[in-house]
Structure formats: structure tokens, C-alpha cells
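Novice: Shown below is the structure under consideration.
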Amino acid sequence: MSFKLSRIDRYIILKFLGTYVFAIALIISISVVFDINEKIDKFLQPNVPLKAIIVDYYFNFIPYFANLFSPLFTFIAVIFFTSKLADNSEIIAMLASGLSFRRLMVPYLISAAIIAGTTFLLNSYVIPPANTTRIKFQNKYIKNKEQLFARNVQVEVEPGVIAYFDRYDNRSKMGYKFSLEHFEDKKLISRLTAKSIKYDSLYQWTIIDYMIRDFEGMREHITQGTRKDTTLTIVPSDFLISASDCETMTTPQLKEYIDRQKKRGIANIQSFAIEYHKRYAAVMAAFILTVIGASLSSRKIKGGMGLNIGIGLGLSFSYILFTTVTSTFAINGYVSPMVAAWIPNIIYIFIAIFLYRRAPR
């Protein structure tokens with residue numbers, strides 16, 4: 001059975017997407033002004049080129065910020081234009097003509113699908129490379145948040161081979177008090193200790209002032225040396241983890257990174273797992289918030305569209321706050337990253353169902 005969009009469907013879709021784009025443009029304009037005001041001292045430094053500010057920073061800042069709050073913009077757009085339709089009695093006219101509220105929701109959900117799909121593609125494949133350029137600009141000219149040091153690093157190089165650094169300095173590419181232990185059937189068969197180790201290039205390391213102890217039953221064989229080139233399938237980025245690193249990875253890269261780090265026993269990857277699950281949760285959030293917004297604002301009320309917009313903003317900001325709180329719980333290890341990303345959606349699904357049942361018929 002074929003489905004054809006009616007004139008009302010096209011009218012609602014254009015209103016929805018037009019208001020969404022307008023809301024993004026308005027909020028982004030305000031955000032850029034505030035951001036320039038905050039960073040103006042840094043931008044006026046003689047070593048900061050104007051082209052880099054515009055192209056490397058703001059051309060990448062705008063899509064990042066817009067995509068970050070896309071669910072909020074979706075919700076505001078629905079609340080605003082639906083309240084206006086209800087205030088002008090257009091919703092009443094549509095329902096009076098025999099159009100059911102369920103059928104009325106079809107163009108809303110089509111619009112939500114367009115926004116959700118576009119947001120996911122941008123978030124998964126387009127914005128991460130742009131974030132790499134933006135973060136490099138921030139680290140070079142504004143404030144360097146790059147992770148340069150690590151302490152008490154323990155990582156599984158490969159099955160049965162465990163590496164340990166007491167301290168690693170990425171500026172000098174040097175690790176200190178290094179050890180490498182080799183196990184077979186949970187039994188230690190070899191242990192290398194070194195005063196320091198230097199990272200040369202991909203998987204290439206130089207061990208300095210080392211001692212190797214090989215165990216054969218009750219016997220032990222010791223080898224010592226001052227310098228030894230070796231191959232270890234780890235790189236500094238495996239344990240020098242910055243909070244913004246997850247924003248520079250595409251979704252497939254993020255999944256691969258999480259799986260690899262889990263196998264190597266690295267624990268501080270919660271922010272990466274949260275980012276991964278949030279990208280999928282944001283798709284469902286677009287539909288949930290659209291249903292809430294349309295159901296809430298489709299009824300003409302005494303307080304006018306201002307009351308609907310106020311209630312809508314309260315719900316949208318509570319959603320963002322709730323998402324932030326659950327993410328904090330996940331980072332601290334109280335809940336899993338997947339649960340943290342999806343709990344707000346699950347709770348707001350019940351709100352959506354409640355408001356949908358109360359919507360005008």
C-alpha cells in the first residue's frame with residue numbers, strides 16, 4: 001500500500017524543519033558571540049591567524065555545537081510551531097475535518113526521522129574529523145588540554161603479556177620504571193624490568209638499562225643490557241586518554257577502540273562508551289521529544305503559547321540535566337555507560353505516552 005504526503009503533511013514538515021533550522025541559527029549566533037567574548041584575549045594574540053580562527057575553529061565549532069544540542073532544538077521547534085498552530089486554531093480545524101491525532105503525528109515523525117538520520121550521520125562520520133581540527137586549534141592557541149603524562153599504567157600488550165609503566169611523559173616520549181611480564185597458563189615464565197623505555201615510532205620502542213629474568217622450573221636465567229630495540233603492539237595514545245578524544249572518532253572507530261581497550265584491561269574508557277551509546281540514544285530522543293512536544297502543545301490553552309513554550313523548555317532542560325547526571329554516574333562506575341545513555345529515553349518514553357493519551361482527538 002502506497003503512502004502519499006498530503007498538503008497538510010508537507011505544510012507541517014516545512015514548518016517543523018524551518019523552525020528547527022531557525023532555532024539552531026538563533027542559538028548558534030548567540031553562542032558564537034558569547035564564545036568570541038570569552039576568548040577574545042586569546043584571539044587577539046599576534047601568533048593566532050584570523051584564517052585559523054574562522055576556518056579551523058568556528059567552521060568546526062558551529063556544527064559541533066548544533067549537533068550536540070540537536071534534541072533540544074528539535075523539542076523547541078516542535079513546541080514553538082505547534083503552539084502557534086494551536087493558538088491560531090489550526091489544530092482544531094485539522095481534527096474537525098476528520099484527521100485523527102494519530103494521523104496528524106505522521107509528518108511530525110517524518111520530520112523527526114530526517115533530523116535524527118542527519119544528526120546520526122553528522123555525529124558518526126562528519127563531525128569527528130572536524131573536531132580533530134577544532135581541538136588542535138584549542139590546544140595550540142587557547143588552552144592545551146592534551147594528555148601529556150600518565151602514571152601507574154598497566155596494559156595487556158597481547159594475550160599473556162602485561163606491560164607496566166610507573167610514569168610516562170609524552171613530551172620526551174619516555175616511560176620510567178618499566179616492566180614486561182610474560183605468562184603461559186597463568187604461570188610467569190619471563191619478566192623484563194628497565195629503568196626507562198623510549199617510544200620511537202609505531203610499535204617501535206627502545207628499552208634502556210634492562211634486566212630479563214627467564215624462569216624454567218626452579219632455574220632462572222638472567223640477561224642484562226644497556227639498550228635494546230623491541231616491538232610492542234602498544235602506542236602512547238592507548239593509555240594517554242584525554243576527555244575530548246572520544247569526540248574525534250567516528251562511530252566505527254569508537255567501537256573498535258572500546259573493544260581493543262577492554263581486551264587490554266584499560267579501565268578509564270567510560271567516556272568513550274558513553275559517547276558511543278549517546279550517538280544511538282540521540283536518534284530515539286528525537287522521536288520521543290517530538291511526540292512529547294506535539295502532544296503537549298497541540299491543545300489550545302488559556303495561558304496561550306507562552307505557557308506551552310515555558311513547560312517545553314522546562315522539560316527539555318530537565319532532559320539535558322538528567323542526561324548529564326546519568327553520564328556522571330557512569331563515569332564514576334555506578335552504572336554502565338549503556339544504561340546511563342538510555343535511562344533518560346526510557347523515562348521520557350512514559351512521559352510521551354502519558355501526554356499522547358491526553359492530546360486532543
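Labels used: A, B, ... for chains in the order of the C-alpha cells, numbers from 1 for residues in each chain, and numbers from 1 for ligands as shown.
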Leu192 (chain A): which residues within 9 Å, counting only C-alpha atoms, same-chain residues fewer than 4 positions away excluded, as a PyMOL selection string?
Specialist: chain A and resi 178-182+210-214
Novice: Put those residues in a file: all heavy atoms, as a PDB file, in the first residue's frame.
Specialist:
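Okay, this is what ended up in again-v6.pdb:
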```
ATOM      1  N   PHE A 178      59.829   0.618  33.930  1.00  0.00           N
ATOM      2  CA  PHE A 178      59.029  -0.194  33.022  1.00  0.00           C
ATOM      3  C   PHE A 178      59.227  -1.670  33.327  1.00  0.00           C
ATOM      4  O   PHE A 178      60.325  -2.110  33.697  1.00  0.00           O
ATOM      5  CB  PHE A 178      59.447   0.096  31.581  1.00  0.00           C
ATOM      6  CG  PHE A 178      58.810  -0.796  30.561  1.00  0.00           C
ATOM      7  CD1 PHE A 178      57.480  -0.622  30.192  1.00  0.00           C
ATOM      8  CD2 PHE A 178      59.533  -1.827  29.960  1.00  0.00           C
ATOM      9  CE1 PHE A 178      56.894  -1.444  29.245  1.00  0.00           C
ATOM     10  CE2 PHE A 178      58.951  -2.643  29.014  1.00  0.00           C
ATOM     11  CZ  PHE A 178      57.622  -2.452  28.658  1.00  0.00           C
ATOM     12  N   SER A 179      58.156  -2.438  33.169  1.00  0.00           N
ATOM     13  CA  SER A 179      58.266  -3.893  33.295  1.00  0.00           C
ATOM     14  C   SER A 179      57.374  -4.563  32.255  1.00  0.00           C
ATOM     15  O   SER A 179      56.357  -4.009  31.839  1.00  0.00           O
ATOM     16  CB  SER A 179      57.867  -4.364  34.696  1.00  0.00           C
ATOM     17  OG  SER A 179      56.487  -4.152  34.932  1.00  0.00           O
ATOM     18  N   LEU A 180      57.794  -5.758  31.835  1.00  0.00           N
ATOM     19  CA  LEU A 180      57.043  -6.537  30.846  1.00  0.00           C
ATOM     20  C   LEU A 180      57.039  -7.987  31.314  1.00  0.00           C
ATOM     21  O   LEU A 180      58.095  -8.619  31.411  1.00  0.00           O
ATOM     22  CB  LEU A 180      57.705  -6.416  29.470  1.00  0.00           C
ATOM     23  CG  LEU A 180      56.931  -7.023  28.295  1.00  0.00           C
ATOM     24  CD1 LEU A 180      55.667  -6.222  28.007  1.00  0.00           C
ATOM     25  CD2 LEU A 180      57.813  -7.073  27.041  1.00  0.00           C
ATOM     26  N   GLU A 181      55.851  -8.490  31.616  1.00  0.00           N
ATOM     27  CA  GLU A 181      55.721  -9.849  32.160  1.00  0.00           C
ATOM     28  C   GLU A 181      55.007 -10.746  31.160  1.00  0.00           C
ATOM     29  O   GLU A 181      54.005 -10.344  30.562  1.00  0.00           O
ATOM     30  CB  GLU A 181      54.950  -9.817  33.485  1.00  0.00           C
ATOM     31  CG  GLU A 181      55.673  -9.016  34.563  1.00  0.00           C
ATOM     32  CD  GLU A 181      54.881  -8.947  35.854  1.00  0.00           C
ATOM     33  OE1 GLU A 181      53.653  -9.204  35.812  1.00  0.00           O
ATOM     34  OE2 GLU A 181      55.476  -8.647  36.904  1.00  0.00           O
ATOM     35  N   HIS A 182      55.551 -11.969  30.994  1.00  0.00           N
ATOM     36  CA  HIS A 182      55.014 -12.935  30.042  1.00  0.00           C
ATOM     37  C   HIS A 182      54.509 -14.152  30.807  1.00  0.00           C
ATOM     38  O   HIS A 182      55.268 -14.781  31.558  1.00  0.00           O
ATOM     39  CB  HIS A 182      56.106 -13.344  29.048  1.00  0.00           C
ATOM     40  CG  HIS A 182      55.600 -14.191  27.929  1.00  0.00           C
ATOM     41  ND1 HIS A 182      56.412 -14.749  26.980  1.00  0.00           N
ATOM     42  CD2 HIS A 182      54.335 -14.575  27.606  1.00  0.00           C
ATOM     43  CE1 HIS A 182      55.695 -15.437  26.125  1.00  0.00           C
ATOM     44  NE2 HIS A 182      54.430 -15.351  26.490  1.00  0.00           N
ATOM     45  N   TYR A 210      68.212  -2.491  31.113  1.00  0.00           N
ATOM     46  CA  TYR A 210      67.198  -3.512  31.370  1.00  0.00           C
ATOM     47  C   TYR A 210      67.801  -4.788  31.957  1.00  0.00           C
ATOM     48  O   TYR A 210      69.012  -5.030  31.888  1.00  0.00           O
ATOM     49  CB  TYR A 210      66.457  -3.864  30.071  1.00  0.00           C
ATOM     50  CG  TYR A 210      67.338  -4.536  29.033  1.00  0.00           C
ATOM     51  CD1 TYR A 210      67.460  -5.924  28.966  1.00  0.00           C
ATOM     52  CD2 TYR A 210      68.069  -3.770  28.111  1.00  0.00           C
ATOM     53  CE1 TYR A 210      68.271  -6.526  28.023  1.00  0.00           C
ATOM     54  CE2 TYR A 210      68.877  -4.370  27.166  1.00  0.00           C
ATOM     55  CZ  TYR A 210      68.973  -5.756  27.124  1.00  0.00           C
ATOM     56  OH  TYR A 210      69.789  -6.362  26.190  1.00  0.00           O
ATOM     57  N   MET A 211      66.906  -5.600  32.517  1.00  0.00           N
ATOM     58  CA  MET A 211      67.275  -6.932  33.002  1.00  0.00           C
ATOM     59  C   MET A 211      66.115  -7.876  32.685  1.00  0.00           C
ATOM     60  O   MET A 211      64.953  -7.560  32.967  1.00  0.00           O
ATOM     61  CB  MET A 211      67.540  -6.935  34.510  1.00  0.00           C
ATOM     62  CG  MET A 211      67.902  -8.326  35.051  1.00  0.00           C
ATOM     63  SD  MET A 211      68.347  -8.327  36.818  1.00  0.00           S
ATOM     64  CE  MET A 211      66.760  -7.944  37.562  1.00  0.00           C
ATOM     65  N   ILE A 212      66.445  -9.025  32.070  1.00  0.00           N
ATOM     66  CA  ILE A 212      65.432 -10.028  31.718  1.00  0.00           C
ATOM     67  C   ILE A 212      65.671 -11.271  32.560  1.00  0.00           C
ATOM     68  O   ILE A 212      66.784 -11.804  32.600  1.00  0.00           O
ATOM     69  CB  ILE A 212      65.506 -10.390  30.221  1.00  0.00           C
ATOM     70  CG1 ILE A 212      65.316  -9.143  29.354  1.00  0.00           C
ATOM     71  CG2 ILE A 212      64.438 -11.433  29.877  1.00  0.00           C
ATOM     72  CD1 ILE A 212      65.515  -9.412  27.869  1.00  0.00           C
ATOM     73  N   ARG A 213      64.608 -11.722  33.224  1.00  0.00           N
ATOM     74  CA  ARG A 213      64.676 -12.943  34.026  1.00  0.00           C
ATOM     75  C   ARG A 213      63.759 -13.982  33.390  1.00  0.00           C
ATOM     76  O   ARG A 213      62.543 -13.806  33.324  1.00  0.00           O
ATOM     77  CB  ARG A 213      64.234 -12.666  35.465  1.00  0.00           C
ATOM     78  CG  ARG A 213      65.105 -11.617  36.157  1.00  0.00           C
ATOM     79  CD  ARG A 213      64.487 -11.188  37.473  1.00  0.00           C
ATOM     80  NE  ARG A 213      64.403 -12.283  38.416  1.00  0.00           N
ATOM     81  CZ  ARG A 213      63.723 -12.216  39.566  1.00  0.00           C
ATOM     82  NH1 ARG A 213      63.048 -11.118  39.883  1.00  0.00           N
ATOM     83  NH2 ARG A 213      63.694 -13.258  40.388  1.00  0.00           N
ATOM     84  N   ASP A 214      64.376 -15.083  32.888  1.00  0.00           N
ATOM     85  CA  ASP A 214      63.617 -16.190  32.303  1.00  0.00           C
ATOM     86  C   ASP A 214      63.558 -17.327  33.314  1.00  0.00           C
ATOM     87  O   ASP A 214      64.601 -17.739  33.861  1.00  0.00           O
ATOM     88  CB  ASP A 214      64.288 -16.681  31.013  1.00  0.00           C
ATOM     89  CG  ASP A 214      64.251 -15.623  29.920  1.00  0.00           C
ATOM     90  OD1 ASP A 214      63.172 -15.057  29.683  1.00  0.00           O
ATOM     91  OD2 ASP A 214      65.311 -15.354  29.308  1.00  0.00           O
TER      92      ASP A 214
END
```
Novice: Pull the helix (DSSP H, G or I) assignments for region 56-155 of chain A out of DSSP run on the backbone, and list those residues as an NGL selection string.
Specialist: :A and (56-68 or 70-87 or 90-96 or 101-142)
Novice: Closest to Tyr276 (chain A) among A:Asn345, A:Ser242, A:Asn123, A:Thr323, using only C-alpha atoms?
Specialist: A:Asn123
Novice: Which residue, A:Gly117, A:Lys51, A:Ile274, A:Leu122, has the smallest gap to Lys255 (chain A) when you use only C-alpha atoms?
Specialist: A:Ile274
Novice: Out of A:Met284, A:Ala340, A:Leu313, A:Cys246, which residue has the shortest atom-to-atom distance to Thr119 (chain A) when counting only C-alpha atoms?
Specialist: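 Answer, going by the shortest atom-to-atom distance: A:Met284.
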Novice: How many Å lie between CA of Ile13 (chain A) and CA of Leu321 (chain A), rounded to one decimal?
Specialist: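 A separation of 28.7 Å between them.
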Novice: Kindly indicate which residue among A:Ile24, A:Ile269, A:Ala194, A:Ala163 lies nearest to Ile331 (chain A), using only C-alpha atoms for the distances.
Specialist: A:Ile269
Novice: Residues within 10 Å of region 92-102 of chain A, please, as a PyMOL selection string. Count only C-alpha atoms; anything in the same chain fewer than 5 positions from it doesn't count.
Specialist: chain A and resi 8+85-87+294-295+298-300+356+359-361
Novice: Residues within 12 Å of region 136-148 of chain A, please, as an NGL selection string. Count only C-alpha atoms; anything in the same chain fewer than 6 positions from it doesn't count.
Specialist: :A and (35-36 or 38-61 or 129-130 or 167-175 or 236-245 or 248)
Novice: Could you save the residues just selected, with N, CA and C atoms, as a compact mmCIF listing (two decimals), in the first residue's frame?
Specialist:
```
# COMPACT_ATOMS: atom_id res chain seq x y z
N ASP A 35 31.07 33.04 22.86
CA ASP A 35 32.36 32.36 22.77
C ASP A 35 33.47 33.33 22.35
N ILE A 36 33.16 34.22 21.40
CA ILE A 36 34.15 35.23 20.99
C ILE A 36 34.47 36.14 22.16
N GLU A 38 34.36 35.43 25.29
CA GLU A 38 35.15 34.69 26.28
C GLU A 38 36.60 34.51 25.86
N LYS A 39 36.84 34.36 24.55
CA LYS A 39 38.18 34.02 24.06
C LYS A 39 38.87 35.18 23.33
N ILE A 40 38.29 36.36 23.41
CA ILE A 40 38.81 37.49 22.62
C ILE A 40 40.28 37.79 22.94
N ASP A 41 40.66 37.63 24.21
CA ASP A 41 42.06 37.89 24.59
C ASP A 41 43.02 36.94 23.88
N LYS A 42 42.60 35.68 23.74
CA LYS A 42 43.44 34.69 23.05
C LYS A 42 43.48 34.97 21.55
N PHE A 43 42.32 35.35 20.99
CA PHE A 43 42.24 35.58 19.55
C PHE A 43 43.08 36.79 19.11
N LEU A 44 43.25 37.75 20.01
CA LEU A 44 43.99 38.97 19.66
C LEU A 44 45.50 38.80 19.76
N GLN A 45 45.95 37.63 20.19
CA GLN A 45 47.39 37.39 20.25
C GLN A 45 47.97 37.41 18.82
N PRO A 46 49.16 37.98 18.64
CA PRO A 46 49.73 38.12 17.28
C PRO A 46 50.01 36.79 16.58
N ASN A 47 50.18 35.71 17.35
CA ASN A 47 50.50 34.42 16.73
C ASN A 47 49.26 33.63 16.31
N VAL A 48 48.07 34.20 16.52
CA VAL A 48 46.82 33.49 16.16
C VAL A 48 46.30 34.06 14.85
N PRO A 49 46.39 33.31 13.75
CA PRO A 49 45.94 33.84 12.45
C PRO A 49 44.41 33.89 12.37
N LEU A 50 43.90 34.93 11.74
CA LEU A 50 42.45 35.11 11.59
C LEU A 50 41.84 33.96 10.80
N LYS A 51 42.52 33.49 9.78
CA LYS A 51 42.00 32.39 8.97
C LYS A 51 41.80 31.14 9.81
N ALA A 52 42.74 30.87 10.73
CA ALA A 52 42.62 29.69 11.59
C ALA A 52 41.43 29.83 12.53
N ILE A 53 41.20 31.05 13.03
CA ILE A 53 40.07 31.29 13.93
C ILE A 53 38.75 30.98 13.21
N ILE A 54 38.64 31.46 11.98
CA ILE A 54 37.39 31.30 11.24
C ILE A 54 37.24 29.88 10.68
N VAL A 55 38.27 29.40 9.99
CA VAL A 55 38.17 28.13 9.27
C VAL A 55 38.37 26.94 10.21
N ASP A 56 39.47 26.95 10.98
CA ASP A 56 39.79 25.80 11.81
C ASP A 56 38.91 25.70 13.06
N TYR A 57 38.55 26.86 13.60
CA TYR A 57 37.80 26.83 14.86
C TYR A 57 36.29 26.98 14.65
N TYR A 58 35.83 28.13 14.14
CA TYR A 58 34.39 28.38 14.11
C TYR A 58 33.66 27.57 13.04
N PHE A 59 34.29 27.27 11.92
CA PHE A 59 33.64 26.41 10.93
C PHE A 59 33.41 25.00 11.48
N ASN A 60 34.18 24.61 12.48
CA ASN A 60 34.01 23.30 13.12
C ASN A 60 33.27 23.40 14.45
N PHE A 61 33.33 24.56 15.09
CA PHE A 61 32.62 24.78 16.34
C PHE A 61 31.10 24.79 16.11
N PRO A 129 36.03 14.19 12.40
CA PRO A 129 37.21 14.80 11.78
C PRO A 129 37.27 16.31 11.99
N ALA A 130 36.09 16.96 11.97
CA ALA A 130 36.06 18.40 12.22
C ALA A 130 36.49 18.72 13.65
N ARG A 167 55.56 5.69 35.22
CA ARG A 167 55.27 7.04 34.75
C ARG A 167 55.65 7.14 33.27
N TYR A 168 54.85 7.91 32.52
CA TYR A 168 55.16 8.14 31.11
C TYR A 168 54.99 9.61 30.80
N ASP A 169 56.00 10.19 30.11
CA ASP A 169 56.00 11.60 29.72
C ASP A 169 55.96 11.67 28.19
N ASN A 170 54.85 12.16 27.66
CA ASN A 170 54.69 12.16 26.21
C ASN A 170 55.53 13.23 25.52
N ARG A 171 55.97 14.26 26.28
CA ARG A 171 56.80 15.29 25.66
C ARG A 171 58.17 14.75 25.28
N SER A 172 58.72 13.94 26.14
CA SER A 172 60.03 13.33 25.85
C SER A 172 59.90 11.92 25.28
N LYS A 173 58.65 11.40 25.22
CA LYS A 173 58.36 10.05 24.75
C LYS A 173 59.06 9.00 25.61
N MET A 174 59.20 9.29 26.89
CA MET A 174 59.92 8.40 27.80
C MET A 174 58.99 7.83 28.86
N GLY A 175 59.17 6.52 29.12
CA GLY A 175 58.50 5.85 30.22
C GLY A 175 59.52 5.43 31.25
N PRO A 236 51.48 5.26 22.72
CA PRO A 236 51.12 6.12 23.84
C PRO A 236 49.63 6.51 23.90
N SER A 237 48.99 6.64 22.74
CA SER A 237 47.58 7.02 22.73
C SER A 237 46.68 5.96 23.35
N ASP A 238 47.21 4.73 23.53
CA ASP A 238 46.42 3.68 24.17
C ASP A 238 46.19 3.96 25.65
N PHE A 239 47.10 4.71 26.28
CA PHE A 239 46.92 4.98 27.71
C PHE A 239 46.95 6.48 28.05
N LEU A 240 47.32 7.33 27.10
CA LEU A 240 47.22 8.78 27.30
C LEU A 240 45.84 9.22 26.80
N ILE A 241 44.86 9.09 27.66
CA ILE A 241 43.47 9.28 27.26
C ILE A 241 42.99 10.64 27.73
N SER A 242 42.60 11.49 26.77
CA SER A 242 42.04 12.79 27.07
C SER A 242 40.52 12.74 26.96
N ALA A 243 39.84 13.62 27.71
CA ALA A 243 38.37 13.61 27.73
C ALA A 243 37.77 13.89 26.36
N SER A 244 38.49 14.63 25.53
CA SER A 244 37.95 15.01 24.22
C SER A 244 38.30 14.02 23.11
N ASP A 245 39.08 13.00 23.41
CA ASP A 245 39.50 12.06 22.37
C ASP A 245 38.31 11.34 21.74
N THR A 248 36.66 12.84 18.62
CA THR A 248 37.40 12.88 17.36
C THR A 248 37.32 11.56 16.60
```
Novice: From the list A:Thr118, A:Ser124, A:Ser31, A:Asn37, which residue is nearest Gln253 (chain A) when using only C-alpha atoms?
Specialist: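 So, comparing all the options, the nearest one is A:Ser124.
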Novice: Could you list, as a list of chain:residue names, every residue within 8 Å of Lys177 (chain A), counting only C-alpha atoms and ignoring same-chain residues fewer than 5 positions away?
Specialist: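 Neighbouring residues, sequence-local ones excluded: A:Phe165, A:Asp166, A:Arg167, A:Thr193, A:Ala194, A:Lys195, A:Ser196.
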Novice: One decimal, Å: what's the distance from CA of Ala116 (chain A) over to CA of Glu90 (chain A), could you say?
Specialist: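 Pair CA of Ala116 (chain A) / CA of Glu90 (chain A) returns 26.6 Å.
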Novice: Counting only C-alpha atoms, figure out which residue out of A:Val335, A:Val283, A:Val126, A:Ile353 gets nearest to Thr250 (chain A).
Specialist: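 Using only C-alpha atoms, the shortest distance to Thr250 (chain A) belongs to A:Val126.
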Novice: Output as JSON, numbers by chain all residues of region 13-231 of chain A that backbone DSSP marks as strand (DSSP E).
Specialist: {"A": [149, 150, 151, 152, 153, 154, 155, 156, 157, 158, 161, 162, 163, 164, 165, 166, 167, 168, 169, 174, 175, 176, 177, 178, 179, 180, 181, 182, 183, 184, 187, 188, 189, 190, 191, 192, 193, 194, 195, 196, 197, 198, 199, 200, 201, 204, 205, 206, 207, 208, 209, 210, 211, 212, 213, 214, 215, 216, 219, 220, 221, 222, 223, 224, 225, 226, 227, 228, 229, 230, 231]}
Novice: At what distance in Å, to one decimal, does CA of Thr251 (chain A) lie from CA of Ile135 (chain A)?
Specialist: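 According to the coordinates, CA of Ile135 (chain A) and CA of Thr251 (chain A) are separated by 18.0 Å.
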